[in-house]
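Notes to accompany the following structure.
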Amino acid sequence: MGIEEIFKGIFDIKKIPTKIFFVMFIVGTFIFYAPNNLVSIQFKNGSDLKIYVYIIYLVCSGIFVVNCVTGIFNYIKDLFLSRQIKKEYKNLLNNLDDYERAVLREFYLYNKNTLDFPYEDNIIKGLVDKKILFFASQFGGSIMLSGRNSTFKINSYLKEIIDIKKDLGLTDNPNKREADYILKNRPHWTENDLQYI
């Protein structure tokens with residue numbers, strides 16, 4: 001996240017009026033505070049129109065400032081929340097056992113975002129309980145189509161922080177010993193349908 005995210009929050013499409021208030025703020029500031037020789041619109045002293053326009057300017061400026069503060073606050077809150085969530089998932093990832101890591105490795109061995117796993121398997125149930133795996137659809141993936149299997153995906157927050165070499169033991173160019181270890185330590189319900197070397 002960067003400064004562009006702050007402005008995106010301030011000028012969110014759901015806050016279209018914010019853009020209008022911003023224009024009113026800029027125009028009003030120019031009219032009332034720019035040197036007279038730069039302003040083509042002039043108000044007579046004591047003019048009721050000037051008073052009404054100035055009130056509108058103050059209201060629009062106030063709303064714009066509030067939206068700016070709200071946008072910045074939401075950005076900071078989301079930033080801290082995202083960091084906290086990632087920290088929690090990093091701790092969770094560090095505490096996975098070899099069997100749980102083996103399940104996560106399957107996504108990278110197949111290079112897929114979703115895979116079918118037996119939903120009654122205790123390891124799968126544990127990963128779902130820990131919110132590491134999610135059902136790929138609201139209705140339990142392909143339970144009805146694949147018998148005892150269902151379609152799963154990795155939690156998106158966790159996927160962002162996984163280091164496949166450090167956390168899962170996968171490398172781009174494994175030697176035979178590394179490849180044999182990975183293939184021999186796949187979950188017991190997987191088919192012997194992969195090569196990793």
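Residue numbering restarts at 1 in every chain; chains get A, B, ... in the order shown in the structure tokens, and ligands count up from 1 in that same order.
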
Set the distance at 7 Å and use only C-alpha atoms: which residues neighbour segment 181-192 of chain A once local chain neighbours fewer than 4 positions away are removed? I'd like the list as number ranges by chain. A: 99, 102-103, 177

Shell around Phe135 of chain A at 12 Å using only C-alpha atoms, local window under 4 positions removed, as a ChimeraX atom specification: /A:113-119,124-125,127-129,131,139-143,149-155

Counting only C-alpha atoms, the residue of A:Ile164, A:Leu133, A:Ile51, A:Cys68 that sits nearest Thr18 of chain A: A:Cys68

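Of the listed residues (A:Tyr89, A:Asn175, A:Leu109, A:Glu100), A:Tyr89 comes nearest to Ser156 of chain A; the distances count only C-alpha atoms.
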
Please report the interatomic distance between atom CA of Ile56 of chain A and atom CA of Gly71 of chain A in Å with one decimal. 22.3 Å

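The set of residues in segment 9-176 of chain A assigned to strand (DSSP E or B) by DSSP, using only backbone atoms of this structure, is A:Thr114, A:Leu115, A:Asp116, A:Phe117, A:Pro118, A:Leu133, A:Phe134, A:Phe135, A:Asn149, A:Ser150, A:Thr151, A:Phe152, A:Lys153, A:Ile154.
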
Output file for the residues above (all heavy atoms, as a tab-separated table (two decimals), in the first residue's frame):
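Written out: out.tsv:
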```tsv
chain	number	residue	atom	x	y	z
A	114	THR	N	-6.93	-24.12	-6.87
A	114	THR	CA	-7.91	-24.96	-6.19
A	114	THR	C	-7.59	-26.42	-6.47
A	114	THR	O	-7.13	-26.77	-7.56
A	114	THR	CB	-9.35	-24.66	-6.67
A	114	THR	OG1	-9.43	-24.87	-8.08
A	114	THR	CG2	-9.74	-23.23	-6.34
A	115	LEU	N	-7.84	-27.25	-5.47
A	115	LEU	CA	-7.63	-28.70	-5.61
A	115	LEU	C	-8.71	-29.45	-4.85
A	115	LEU	O	-9.28	-28.94	-3.89
A	115	LEU	CB	-6.25	-29.10	-5.06
A	115	LEU	CG	-5.02	-28.77	-5.91
A	115	LEU	CD1	-3.76	-29.16	-5.15
A	115	LEU	CD2	-5.06	-29.49	-7.26
A	116	ASP	N	-8.96	-30.68	-5.29
A	116	ASP	CA	-9.92	-31.54	-4.60
A	116	ASP	C	-9.19	-32.37	-3.54
A	116	ASP	O	-8.21	-33.06	-3.84
A	116	ASP	CB	-10.60	-32.49	-5.59
A	116	ASP	CG	-11.66	-31.78	-6.41
A	116	ASP	OD1	-11.90	-30.59	-6.16
A	116	ASP	OD2	-12.25	-32.42	-7.30
A	117	PHE	N	-9.70	-32.28	-2.30
A	117	PHE	CA	-9.16	-33.05	-1.18
A	117	PHE	C	-10.30	-33.79	-0.50
A	117	PHE	O	-11.45	-33.34	-0.56
A	117	PHE	CB	-8.49	-32.14	-0.15
A	117	PHE	CG	-7.27	-31.41	-0.66
A	117	PHE	CD1	-7.02	-30.10	-0.25
A	117	PHE	CD2	-6.38	-32.01	-1.52
A	117	PHE	CE1	-5.90	-29.42	-0.70
A	117	PHE	CE2	-5.26	-31.34	-1.99
A	117	PHE	CZ	-5.02	-30.04	-1.58
A	118	PRO	N	-10.00	-34.91	0.16
A	118	PRO	CA	-11.05	-35.61	0.94
A	118	PRO	C	-11.43	-34.78	2.17
A	118	PRO	O	-10.62	-34.58	3.06
A	118	PRO	CB	-10.38	-36.93	1.33
A	118	PRO	CG	-8.92	-36.65	1.27
A	118	PRO	CD	-8.72	-35.63	0.19
A	133	LEU	N	-7.30	-23.43	4.97
A	133	LEU	CA	-8.00	-23.83	3.76
A	133	LEU	C	-9.45	-23.40	3.83
A	133	LEU	O	-10.06	-23.42	4.90
A	133	LEU	CB	-7.93	-25.36	3.58
A	133	LEU	CG	-6.58	-25.99	3.25
A	133	LEU	CD1	-6.75	-27.48	3.03
A	133	LEU	CD2	-5.95	-25.35	2.02
A	134	PHE	N	-9.97	-23.01	2.68
A	134	PHE	CA	-11.39	-22.66	2.56
A	134	PHE	C	-12.01	-23.49	1.45
A	134	PHE	O	-11.33	-23.87	0.49
A	134	PHE	CB	-11.57	-21.17	2.21
A	134	PHE	CG	-11.24	-20.24	3.32
A	134	PHE	CD1	-10.39	-19.17	3.12
A	134	PHE	CD2	-11.78	-20.41	4.58
A	134	PHE	CE1	-10.09	-18.29	4.14
A	134	PHE	CE2	-11.49	-19.54	5.62
A	134	PHE	CZ	-10.64	-18.48	5.40
A	135	PHE	N	-13.30	-23.75	1.59
A	135	PHE	CA	-14.02	-24.36	0.48
A	135	PHE	C	-14.01	-23.38	-0.68
A	135	PHE	O	-14.20	-22.18	-0.50
A	135	PHE	CB	-15.46	-24.68	0.88
A	135	PHE	CG	-15.59	-25.82	1.85
A	135	PHE	CD1	-15.95	-25.60	3.16
A	135	PHE	CD2	-15.33	-27.13	1.44
A	135	PHE	CE1	-16.07	-26.64	4.06
A	135	PHE	CE2	-15.44	-28.17	2.34
A	135	PHE	CZ	-15.81	-27.93	3.64
A	149	ASN	N	-14.80	-36.11	-1.92
A	149	ASN	CA	-13.89	-34.98	-2.10
A	149	ASN	C	-14.64	-33.65	-2.18
A	149	ASN	O	-15.81	-33.60	-2.56
A	149	ASN	CB	-13.06	-35.15	-3.37
A	149	ASN	CG	-11.96	-36.18	-3.20
A	149	ASN	OD1	-11.75	-36.69	-2.10
A	149	ASN	ND2	-11.28	-36.50	-4.28
A	150	SER	N	-13.91	-32.61	-1.84
A	150	SER	CA	-14.43	-31.26	-2.00
A	150	SER	C	-13.30	-30.38	-2.52
A	150	SER	O	-12.12	-30.71	-2.37
A	150	SER	CB	-14.96	-30.72	-0.68
A	150	SER	OG	-15.49	-29.43	-0.87
A	151	THR	N	-13.66	-29.26	-3.14
A	151	THR	CA	-12.66	-28.37	-3.72
A	151	THR	C	-12.26	-27.31	-2.71
A	151	THR	O	-13.11	-26.63	-2.14
A	151	THR	CB	-13.21	-27.70	-4.99
A	151	THR	OG1	-13.68	-28.72	-5.88
A	151	THR	CG2	-12.13	-26.89	-5.67
A	152	PHE	N	-10.94	-27.15	-2.51
A	152	PHE	CA	-10.41	-26.23	-1.52
A	152	PHE	C	-9.45	-25.23	-2.17
A	152	PHE	O	-8.89	-25.48	-3.24
A	152	PHE	CB	-9.66	-26.98	-0.42
A	152	PHE	CG	-10.53	-27.83	0.45
A	152	PHE	CD1	-10.76	-29.16	0.11
A	152	PHE	CD2	-11.14	-27.31	1.58
A	152	PHE	CE1	-11.57	-29.95	0.90
A	152	PHE	CE2	-11.94	-28.10	2.38
A	152	PHE	CZ	-12.16	-29.42	2.04
A	153	LYS	N	-9.26	-24.11	-1.47
A	153	LYS	CA	-8.25	-23.13	-1.87
A	153	LYS	C	-7.54	-22.64	-0.62
A	153	LYS	O	-8.06	-22.73	0.49
A	153	LYS	CB	-8.89	-21.94	-2.59
A	153	LYS	CG	-9.91	-21.18	-1.77
A	153	LYS	CD	-10.56	-20.07	-2.58
A	153	LYS	CE	-11.62	-19.33	-1.76
A	153	LYS	NZ	-12.26	-18.26	-2.54
A	154	ILE	N	-6.34	-22.09	-0.80
A	154	ILE	CA	-5.56	-21.58	0.33
A	154	ILE	C	-6.06	-20.18	0.69
A	154	ILE	O	-6.40	-19.38	-0.18
A	154	ILE	CB	-4.05	-21.50	-0.02
A	154	ILE	CG1	-3.52	-22.88	-0.37
A	154	ILE	CG2	-3.25	-20.91	1.14
A	154	ILE	CD1	-2.04	-22.87	-0.78
```

So which residues of segment 25-150 of chain A fall under helix (DSSP H, G or I) by DSSP, listed as a ChimeraX atom specification? /A:25-33,36-38,48-94,98-110,122-129

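Straight-line separation from atom CA of Ile161 of chain A to atom CA of Ser82 of chain A: 11.7 Å.
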